[in-house]
$ cat upload25.txt   # compact mmCIF, C-alpha atoms
# COMPACT_ATOMS: atom_id res chain seq x y z
CA MET A 1 42.15 47.91 -11.21
CA ARG A 2 41.14 46.27 -7.94
CA ALA A 3 40.97 46.66 -4.30
CA ARG A 4 40.56 44.28 -1.51
CA VAL A 5 39.36 44.43 1.87
CA ALA A 6 39.66 40.82 5.24
CA LEU A 7 37.14 37.67 10.00
CA ALA A 8 37.66 38.21 13.47
CA PHE A 9 40.38 40.72 14.38
CA LEU A 10 41.56 38.46 12.35
CA ILE A 11 49.15 39.46 8.24
CA PRO A 12 51.88 40.60 6.43
CA ALA A 13 53.35 38.48 3.68
CA VAL A 14 56.71 36.81 3.93
CA GLY A 15 59.40 39.41 4.35
CA PHE A 16 57.20 42.09 5.90
CA PRO A 17 58.85 43.27 9.15
CA LEU A 18 57.05 44.66 12.15
CA ILE A 19 57.61 48.28 11.28
CA GLY A 20 56.56 51.54 12.84
CA PHE A 21 54.31 54.07 11.21
CA ALA A 22 54.60 57.81 10.84
CA PHE A 23 52.21 60.30 12.33
CA VAL A 24 49.80 61.55 9.69
CA HIS A 25 48.02 64.82 10.42
CA HIS A 26 45.69 66.74 8.12
CA ASP A 27 44.87 70.39 8.69
CA SER A 28 41.14 69.73 8.90
CA ASP A 29 41.71 66.95 11.42
CA ASP A 30 43.99 69.14 13.53
CA GLN A 31 41.39 71.90 13.63
CA ALA A 32 38.61 69.48 14.49
CA THR A 33 40.51 67.77 17.29
CA GLU A 34 41.82 70.95 18.92
CA ALA A 35 38.42 71.60 20.46
CA LEU A 36 37.97 68.03 21.75
CA SER A 37 38.67 66.99 25.30
CA PRO A 38 41.82 64.88 25.53
CA VAL A 39 41.12 61.15 25.47
CA ALA A 40 43.14 59.12 27.96
CA TYR A 41 44.16 55.56 27.18
CA GLY A 42 42.29 54.40 30.26
CA GLN A 43 39.07 55.36 28.46
CA ILE A 44 40.07 53.22 25.48
CA GLN A 45 40.88 50.26 27.70
CA THR A 46 37.46 50.63 29.37
CA LEU A 47 35.90 50.56 25.90
CA PHE A 48 37.76 47.31 25.11
CA ASP A 49 36.58 45.80 28.39
CA ASP A 50 32.95 46.95 28.13
CA ALA A 51 32.60 45.81 24.50
CA GLY A 52 34.03 42.36 25.25
CA CYS A 53 37.11 42.91 23.07
CA ALA A 54 39.47 41.87 25.84
CA GLY A 55 37.56 38.60 26.29
CA CYS A 56 38.01 37.50 22.67
CA HIS A 57 41.51 38.87 22.25
CA PRO A 58 43.35 36.74 23.21
CA GLY A 59 40.72 34.28 24.52
CA VAL A 60 39.36 33.39 21.07
CA ASN A 61 41.79 35.06 18.67
CA PRO A 62 45.27 35.60 20.13
CA ALA A 63 46.66 37.64 17.24
CA ILE A 64 46.39 40.68 19.52
CA ASP A 65 45.94 41.00 23.28
CA LEU A 66 43.45 43.70 24.32
CA ARG A 67 43.62 43.03 28.04
CA SER A 68 44.68 45.80 30.39
CA GLY A 69 48.44 46.03 30.56
CA HIS A 70 48.88 44.34 27.18
CA SER A 71 46.68 46.16 24.67
CA TYR A 72 48.77 49.21 23.88
CA ASP A 73 51.91 47.23 23.04
CA SER A 74 49.80 44.89 20.89
CA LEU A 75 48.60 47.79 18.74
CA VAL A 76 51.46 50.30 18.45
CA ASN A 77 53.94 50.00 15.59
CA ARG A 78 52.54 46.70 14.38
CA ALA A 79 51.31 45.67 10.95
CA ALA A 80 47.85 44.11 11.00
CA LEU A 81 47.98 40.35 10.93
CA GLU A 82 45.12 39.94 8.47
CA ASP A 83 46.33 42.42 5.92
CA PRO A 84 49.84 43.88 5.54
CA SER A 85 48.42 46.96 3.80
CA TYR A 86 47.30 48.22 7.21
CA ALA A 87 48.81 49.07 10.56
CA TYR A 88 46.68 48.32 13.58
CA LEU A 89 47.24 51.92 14.58
CA VAL A 90 48.39 54.96 12.60
CA ALA A 91 48.68 57.71 15.18
CA GLY A 92 46.84 60.80 13.98
CA ASP A 93 44.88 59.05 11.22
CA PRO A 94 41.89 56.88 12.18
CA GLN A 95 40.96 56.18 8.56
CA LYS A 96 44.25 54.34 8.03
CA SER A 97 44.12 52.47 11.33
CA PHE A 98 42.94 48.86 11.12
CA LEU A 99 41.74 49.05 14.74
CA TYR A 100 39.37 51.91 13.96
CA LEU A 101 38.14 50.52 10.65
CA LYS A 102 37.30 47.16 12.23
CA VAL A 103 34.85 48.78 14.64
CA ALA A 104 33.64 51.67 12.49
CA GLY A 105 33.30 49.72 9.25
CA PHE A 106 35.41 50.08 6.15
CA GLY A 107 32.82 52.14 4.28
CA ASP A 108 33.43 52.37 0.55
CA ALA A 109 36.55 50.25 0.93
CA GLY A 110 34.48 47.19 1.80
CA GLN A 111 35.64 45.05 4.72
CA VAL A 112 38.46 42.86 5.86
CA GLY A 113 36.45 40.24 7.69
CA GLY A 114 33.45 41.25 9.75
CA ARG A 115 32.90 44.38 11.77
CA MET A 116 33.99 44.10 15.39
CA PRO A 117 32.91 43.21 18.02
CA PHE A 118 32.28 39.86 16.38
CA GLY A 119 28.74 38.55 16.68
CA GLN A 120 27.56 41.62 18.60
CA PRO A 121 25.80 44.88 17.64
CA PRO A 122 28.13 47.62 16.38
CA LEU A 123 29.65 49.94 18.95
CA GLY A 124 27.61 53.01 19.77
CA ALA A 125 28.34 56.28 18.00
CA ASP A 126 29.86 57.73 21.16
CA GLN A 127 32.20 54.76 21.54
CA VAL A 128 33.31 54.94 17.92
CA ALA A 129 33.86 58.70 18.28
CA LEU A 130 35.93 58.15 21.44
CA LEU A 131 38.22 55.72 19.62
CA ARG A 132 38.49 57.99 16.62
CA ASN A 133 39.33 61.04 18.72
CA TRP A 134 41.96 59.15 20.68
CA ILE A 135 43.72 58.10 17.46
CA ALA A 136 43.33 61.55 15.90
CA GLN A 137 44.90 63.12 19.00
CA GLY A 138 48.01 61.00 18.57
CA ALA A 139 47.08 57.74 20.33
CA ARG A 140 48.73 58.51 23.66
CA GLY A 141 49.60 55.53 25.80
CA PRO A 142 48.86 54.63 29.41
CA ASP A 143 51.61 57.02 30.52
CA GLY A 144 50.11 59.89 28.52
CA GLU A 145 53.04 59.91 26.11
CA LEU A 146 52.81 59.80 22.33
CA PRO A 147 54.00 56.60 20.64
CA PRO A 148 57.47 56.66 19.05
CA LYS A 149 57.57 58.55 15.78
CA THR A 150 58.86 56.78 12.70
CA THR A 151 59.43 57.69 9.08
CA THR A 152 57.53 54.77 7.52
CA PRO A 153 53.89 55.62 6.82
CA LEU A 154 51.60 52.80 5.81
CA PRO A 155 49.03 53.97 3.27
CA GLY A 156 46.34 51.32 3.70
CA GLU A 157 44.31 49.87 0.87
CA PRO A 158 42.72 51.80 -1.97
CA ASN A 159 38.96 51.93 -2.25
CA LEU A 160 37.19 49.09 -3.98
CA PRO A 161 36.32 49.79 -7.60
CA ASP A 162 32.57 49.95 -8.06
CA LEU A 163 32.15 46.61 -9.83
CA PRO A 164 29.09 44.34 -9.78
CA LEU A 165 29.17 40.99 -8.02
CA ALA A 166 30.89 38.31 -10.08
CA THR A 167 28.40 35.78 -11.43
CA SER A 168 30.82 33.12 -12.67
CA PRO A 169 33.81 31.56 -10.87
CA ILE A 170 35.82 31.70 -14.10
CA GLY A 171 37.25 34.81 -15.75
CA THR A 172 40.43 36.35 -17.11
CA GLY A 173 42.18 37.62 -13.98
CA THR A 174 45.01 36.31 -11.81
CA ILE A 175 45.55 36.57 -8.07
CA SER A 176 48.67 35.51 -6.21
CA GLY A 177 50.14 36.11 -2.81
CA HIS A 178 51.36 34.53 0.41
CA VAL A 179 49.76 33.04 3.51
CA VAL A 180 51.66 33.36 6.80
CA ASP A 181 50.96 32.34 10.37
CA GLN A 182 50.75 34.38 13.55
CA GLN A 183 54.54 34.39 13.80
CA ARG A 184 54.69 35.80 10.26
CA GLN A 185 56.15 32.56 8.89
CA PRO A 186 54.99 30.99 5.58
CA ILE A 187 52.43 28.18 5.77
CA THR A 188 52.83 25.21 3.46
CA GLY A 189 49.56 23.60 2.38
CA ALA A 190 47.22 26.46 3.31
CA LEU A 191 44.10 26.77 1.17
CA VAL A 192 42.94 29.98 -0.49
CA THR A 193 39.37 29.69 -1.75
CA LEU A 194 37.31 31.84 -4.07
CA LEU A 195 33.66 32.45 -3.23
CA LEU A 196 30.85 34.08 -5.16
CA ARG A 197 28.42 36.20 -3.18
CA GLY A 198 24.78 37.12 -3.66
CA ASP A 199 21.19 36.07 -3.05
CA GLY A 200 21.51 33.19 -5.50
CA GLN A 201 24.31 31.58 -3.52
CA GLN A 202 23.54 29.10 -0.73
CA GLY A 203 23.92 30.96 2.57
CA GLY A 204 24.72 34.14 0.64
CA GLU A 205 28.13 32.92 -0.51
CA GLU A 206 29.46 29.72 -2.02
CA HIS A 207 32.97 28.25 -2.39
CA TYR A 208 33.98 27.36 -5.96
CA ARG A 209 37.75 27.56 -6.51
CA VAL A 210 40.84 26.72 -4.48
CA ALA A 211 44.62 27.04 -4.59
CA GLN A 212 47.13 25.55 -2.16
CA THR A 213 50.30 27.23 -0.93
CA ASP A 214 53.76 25.87 -1.66
CA SER A 215 56.73 25.60 0.71
CA SER A 216 57.22 29.38 0.59
CA GLY A 217 53.59 30.03 1.50
CA ARG A 218 52.80 31.26 -2.02
CA TYR A 219 49.61 30.54 -3.94
CA THR A 220 48.25 31.46 -7.39
CA LEU A 221 44.65 31.51 -8.59
CA GLU A 222 44.37 31.83 -12.35
CA ASP A 223 41.33 32.55 -14.54
CA VAL A 224 39.57 34.36 -11.69
CA PRO A 225 36.31 36.18 -12.39
CA ASN A 226 35.76 39.78 -13.29
CA GLY A 227 33.80 41.77 -10.71
CA THR A 228 33.52 41.63 -6.92
CA PHE A 229 34.04 38.37 -5.07
CA GLU A 230 35.53 36.99 -1.87
CA LEU A 231 38.71 35.11 -0.97
CA LYS A 232 39.27 33.11 2.21
CA ALA A 233 42.50 31.66 3.56
CA TYR A 234 42.39 28.51 5.71
CA ALA A 235 45.19 26.71 7.51
CA PRO A 236 45.07 23.89 10.06
CA GLU A 237 43.94 24.92 13.56
CA THR A 238 43.84 28.65 12.81
CA ILE A 239 41.33 31.49 12.51
CA TYR A 240 40.52 31.94 8.83
CA THR A 241 40.85 35.31 7.12
CA SER A 242 38.65 36.85 4.40
CA HIS A 243 39.35 39.48 1.79
CA PHE A 244 36.89 41.02 -0.62
CA VAL A 245 38.28 41.65 -4.08
CA ALA A 246 37.12 43.70 -7.07
CA LEU A 247 39.00 42.80 -10.21
CA GLY A 248 38.71 44.22 -13.69
CA SER A 249 38.91 42.15 -16.86
CA GLY A 250 42.33 40.59 -17.35
CA ALA A 251 43.75 42.22 -14.22
CA SER A 252 46.35 40.72 -11.91
CA GLU A 253 46.62 41.39 -8.20
CA LYS A 254 48.64 40.39 -5.16
CA VAL A 255 46.60 39.51 -2.07
CA ASP A 256 48.43 38.40 1.07
CA PHE A 257 46.84 36.72 4.08
CA GLY A 258 47.77 36.09 7.67
CA VAL A 259 45.90 33.65 9.90
CA ALA A 260 45.87 33.70 13.69
CA THR A 261 46.43 30.58 15.80
CA ARG A 262 43.06 29.40 17.10
CA ALA A 263 42.58 29.52 20.87
CA GLN A 264 39.65 27.08 20.84
CA THR A 265 40.06 23.31 20.42
CA THR A 266 37.06 22.77 18.14
CA PRO A 267 35.94 21.75 15.61
CA SER A 268 37.49 18.37 14.94
CA ILE A 269 37.15 15.96 12.03
CA SER A 270 37.78 12.25 11.44
CA HIS A 271 37.07 9.43 8.99
CA PRO A 272 37.45 11.37 5.73
CA HIS A 273 36.19 9.26 2.86
CA VAL A 274 36.14 9.51 -0.94
CA GLN A 275 33.79 6.97 -2.56
CA LEU A 276 33.65 6.52 -6.33
CA LEU A 277 30.10 5.83 -7.47
CA ALA A 278 28.95 3.58 -10.32
CA ASN A 279 27.27 6.49 -12.10
CA GLY A 280 30.57 8.37 -12.42
CA GLY A 281 30.05 10.61 -9.41
CA THR A 282 31.93 10.85 -6.12
CA ARG A 283 30.62 10.86 -2.57
CA LEU A 284 32.64 12.91 -0.08
CA SER A 285 32.08 12.43 3.64
CA MET A 286 33.68 12.94 7.05
CA THR A 287 32.73 12.93 10.71
CA VAL A 288 32.60 16.41 12.26
CA THR A 289 32.33 17.18 15.97
CA GLY A 290 32.16 20.37 18.01
CA PRO A 291 29.68 23.13 18.87
CA ASN A 292 28.53 25.99 16.62
CA LEU A 293 29.47 24.27 13.38
CA ASP A 294 29.14 26.47 10.32
CA PRO A 295 27.09 24.94 7.47
CA ASN A 296 28.86 27.00 4.81
CA TYR A 297 32.43 26.27 5.85
CA THR A 298 32.83 22.52 6.10
CA LEU A 299 34.91 21.81 3.03
CA VAL A 300 36.58 19.21 0.86
CA ALA A 301 39.19 20.67 -1.49
CA ASN A 302 40.78 19.14 -4.55
CA PRO A 303 43.77 21.42 -5.18
CA ARG A 304 44.94 19.55 -8.30
CA SER A 305 41.70 20.45 -10.10
CA GLY A 306 41.33 23.83 -8.39
CA ARG A 307 37.88 22.83 -7.10
CA VAL A 308 36.45 23.01 -3.58
CA PHE A 309 33.12 21.65 -2.36
CA GLU A 310 30.98 22.45 0.66
CA VAL A 311 29.67 19.40 2.51
CA HIS A 312 26.62 19.51 4.77
CA ALA A 313 24.68 17.78 7.52
CA LYS A 314 21.03 18.30 8.45
CA GLY A 315 20.80 20.96 11.10
CA ALA A 316 24.55 21.56 10.88
CA LYS A 317 24.93 19.18 13.81
CA ALA A 318 27.86 17.01 14.78
CA GLY A 319 27.99 13.72 12.90
CA ILE A 320 28.57 12.67 9.30
CA TRP A 321 28.74 15.52 6.81
CA ASN A 322 28.65 14.60 3.14
CA ARG A 323 28.03 15.58 -0.44
CA THR A 324 27.82 13.79 -3.78
CA ILE A 325 29.39 15.51 -6.78
CA PRO A 326 28.71 14.50 -10.43
CA MET A 327 32.37 13.98 -11.36
CA ARG A 328 35.53 12.06 -10.60
CA LEU A 329 38.73 13.93 -9.82
CA LYS A 330 42.22 12.70 -9.03
CA GLY A 331 43.40 13.26 -5.46
CA PRO A 332 44.70 14.31 -3.10
CA TRP A 333 41.57 15.52 -1.28
CA VAL A 334 41.85 17.86 1.72
CA PHE A 335 39.11 17.81 4.39
CA LEU A 336 38.43 20.54 6.99
CA ALA A 337 35.65 22.06 9.08
CA VAL A 338 35.09 25.53 10.52
CA ASP A 339 32.90 26.74 13.39
CA ARG A 340 31.04 30.03 13.82
CA LEU A 341 33.98 31.53 15.69
CA CYS A 342 35.96 31.10 12.47
CA SER A 343 38.17 28.38 13.97
CA ALA A 344 39.39 25.79 11.48
CA SER A 345 39.99 22.14 12.29
CA LYS A 346 43.14 20.23 11.47
CA PHE A 347 43.38 19.17 7.82
CA LEU A 348 43.04 15.52 6.81
CA THR A 349 44.20 14.37 3.38
CA VAL A 350 42.95 11.43 1.35
CA HIS A 351 45.23 10.40 -1.54
CA GLY A 352 44.18 8.73 -4.77

$ encode --input "upload25.txt" --output "structure tokens"
Amino acid sequence: MRARVALAFLIPAVGFPLIGFAFVHHDSDDQATEALSPVAYGQIQTLFDDAGCAGCHPGVNPAIDLRSGHSYDSLVNRAALEDPSYAYLVAGDPQKSFLYLKVAGFGDAGQVGGRMPFGQPPLGADQVALLRNWIAQGARGPDGELPPKTTTPLPGEPNLPDLPLATSPIGTGTISGHVVDQQRQPITGALVTLLLRGDGQQGGEEHYRVAQTDSSGRYTLEDVPNGTFELKAYAPETIYTSHFVALGSGASEKVDFGVATRAQTTPSISHPHVQLLANGGTRLSMTVTGPNLDPNYTLVANPRSGRVFEVHAKGAKAGIWNRTIPMRLKGPWVFLAVDRLCSASKFLTVHG
């Protein structure tokens, strides 16, 4: 048994259409919302504006557009880009709406990426309640009308099993899935990495394993650990996506990712280099430029071996980032960097 949960408002797998979602009403919800004042969409748009949502979407992450005049159409009858198990909005059911869960927190179901708004304090209780009540009341649009009804409910993800953090990157499970872009098309050569989390990991989490997608956007990670761990999907010049996973012994699971096209032009990388050392080790280095570089997410992947390595620079400043590993592996090697807005650089490959 498993469950998973994904950064930024940061997709369905190949073959997932943009479908509508049925209204879901529960008796207790109906009774609770009857006594509430109607919430107009103008109040929701003001919330997006005041919280800075409209500045980042699409200014930083263009997967959705939360500006006035665009936001409602971006949310209604659309599968969430990061995770095809969710709709952005399920009218009548906040707990199944990706929009609500991203600002309220996923609770026992963990999280798909970080809570929104990104890099800011959580929304106030009154703001969260306003959003919840608007969805529970049917998510009426700017014209006051309910969104179109459909017959295709989207259930959302199950809760995470209560499993301890994985302590080894190797186990008996298998994870496979697809990575698609903002246009819902498969990405060839995307990287899906496996991270362990916890106080003993540098920066709280550390990359250990990697798989690369084929021409259909499909990847497979075998021998994955038992317990709770994290997966991240990276593709060139995109916003990466995270999923938390809890996997029992010997279990198999399908985890799909979507990555948004980055709106920023940084970071950038150049001069990737793989140097074989006399002692049998390998020195990995590249030049990284751009502001707000993330010390945990500048990576060199070796998909053939299934290994990925974090490279570092003092102060996480622009310049040469490097790492020496005590082994020699056959190429190709894939180099990339990520900034604190979750924007990934282009990929550079060194063969041999």

$ closest_residue --input "upload25.txt" --among "A:Phe257, A:Tyr100, A:Tyr86, A:Trp333" --to "Gln127 in chain A" --atoms "only C-alpha atoms"
A:Tyr100

$ closest_residue --input "upload25.txt" --among "A:Ser168, A:Thr298, A:Ser252, A:Thr287" --to "Val311 in chain A" --atoms "only C-alpha atoms"
A:Thr298

$ closest_residue --input "upload25.txt" --among "A:Ala278, A:Ala54, A:Val308, A:Leu131" --to "Leu195 in chain A" --atoms "all atoms listed in the file"
A:Val308

$ closest_residue --input "upload25.txt" --among "A:Ser305, A:Gln264, A:Gln137, A:Gln43" --to "Arg209 in chain A" --atoms "all atoms listed in the file"
A:Ser305

$ atom_distance --input "upload25.txt" --atom1 "CA of Thr172 in chain A" --atom2 "CA of Val255 in chain A"
16.6 Å

$ closest_residue --input "upload25.txt" --among "A:Gly258, A:Gly114, A:Gly59, A:Pro169" --to "Ala190 in chain A" --atoms "all atoms listed in the file"
A:Gly258

$ residues_around --input "upload25.txt" --residues "Ile44 in chain A" --least-positions-apart "3" --cutoff "12 Å" --atoms "only C-alpha atoms" --output "ChimeraX atom specification"
/A:38-41,47-51,53-54,66-68,71-72,99-100,126-135,139-142

$ residues_around --input "upload25.txt" --residues "range 223-226 of chain A" --least-positions-apart "5" --cutoff "8 Å" --atoms "only C-alpha atoms" --output "number ranges by chain"
A: 166-175, 246-250

$ closest_residue --input "upload25.txt" --among "A:Leu194, A:Leu123, A:Leu165, A:Leu221" --to "His178 in chain A" --atoms "all atoms listed in the file"
A:Leu221

$ atom_distance --input "upload25.txt" --atom1 "CA of Gly204 in chain A" --atom2 "CA of Tyr297 in chain A"
12.2 Å

$ axis_aligned_box --input "upload25.txt" --around "range 77-85 of chain A" --padding-each-side "4 Å" --output "AutoDock Vina command-line options"
--center_x 49.5 --center_y 45.0 --center_z 9.7 --size_x 16.8 --size_y 18.1 --size_z 19.8

$ atom_distance --input "upload25.txt" --atom1 "CA of Ala125 in chain A" --atom2 "CA of Ser37 in chain A"
16.6 Å
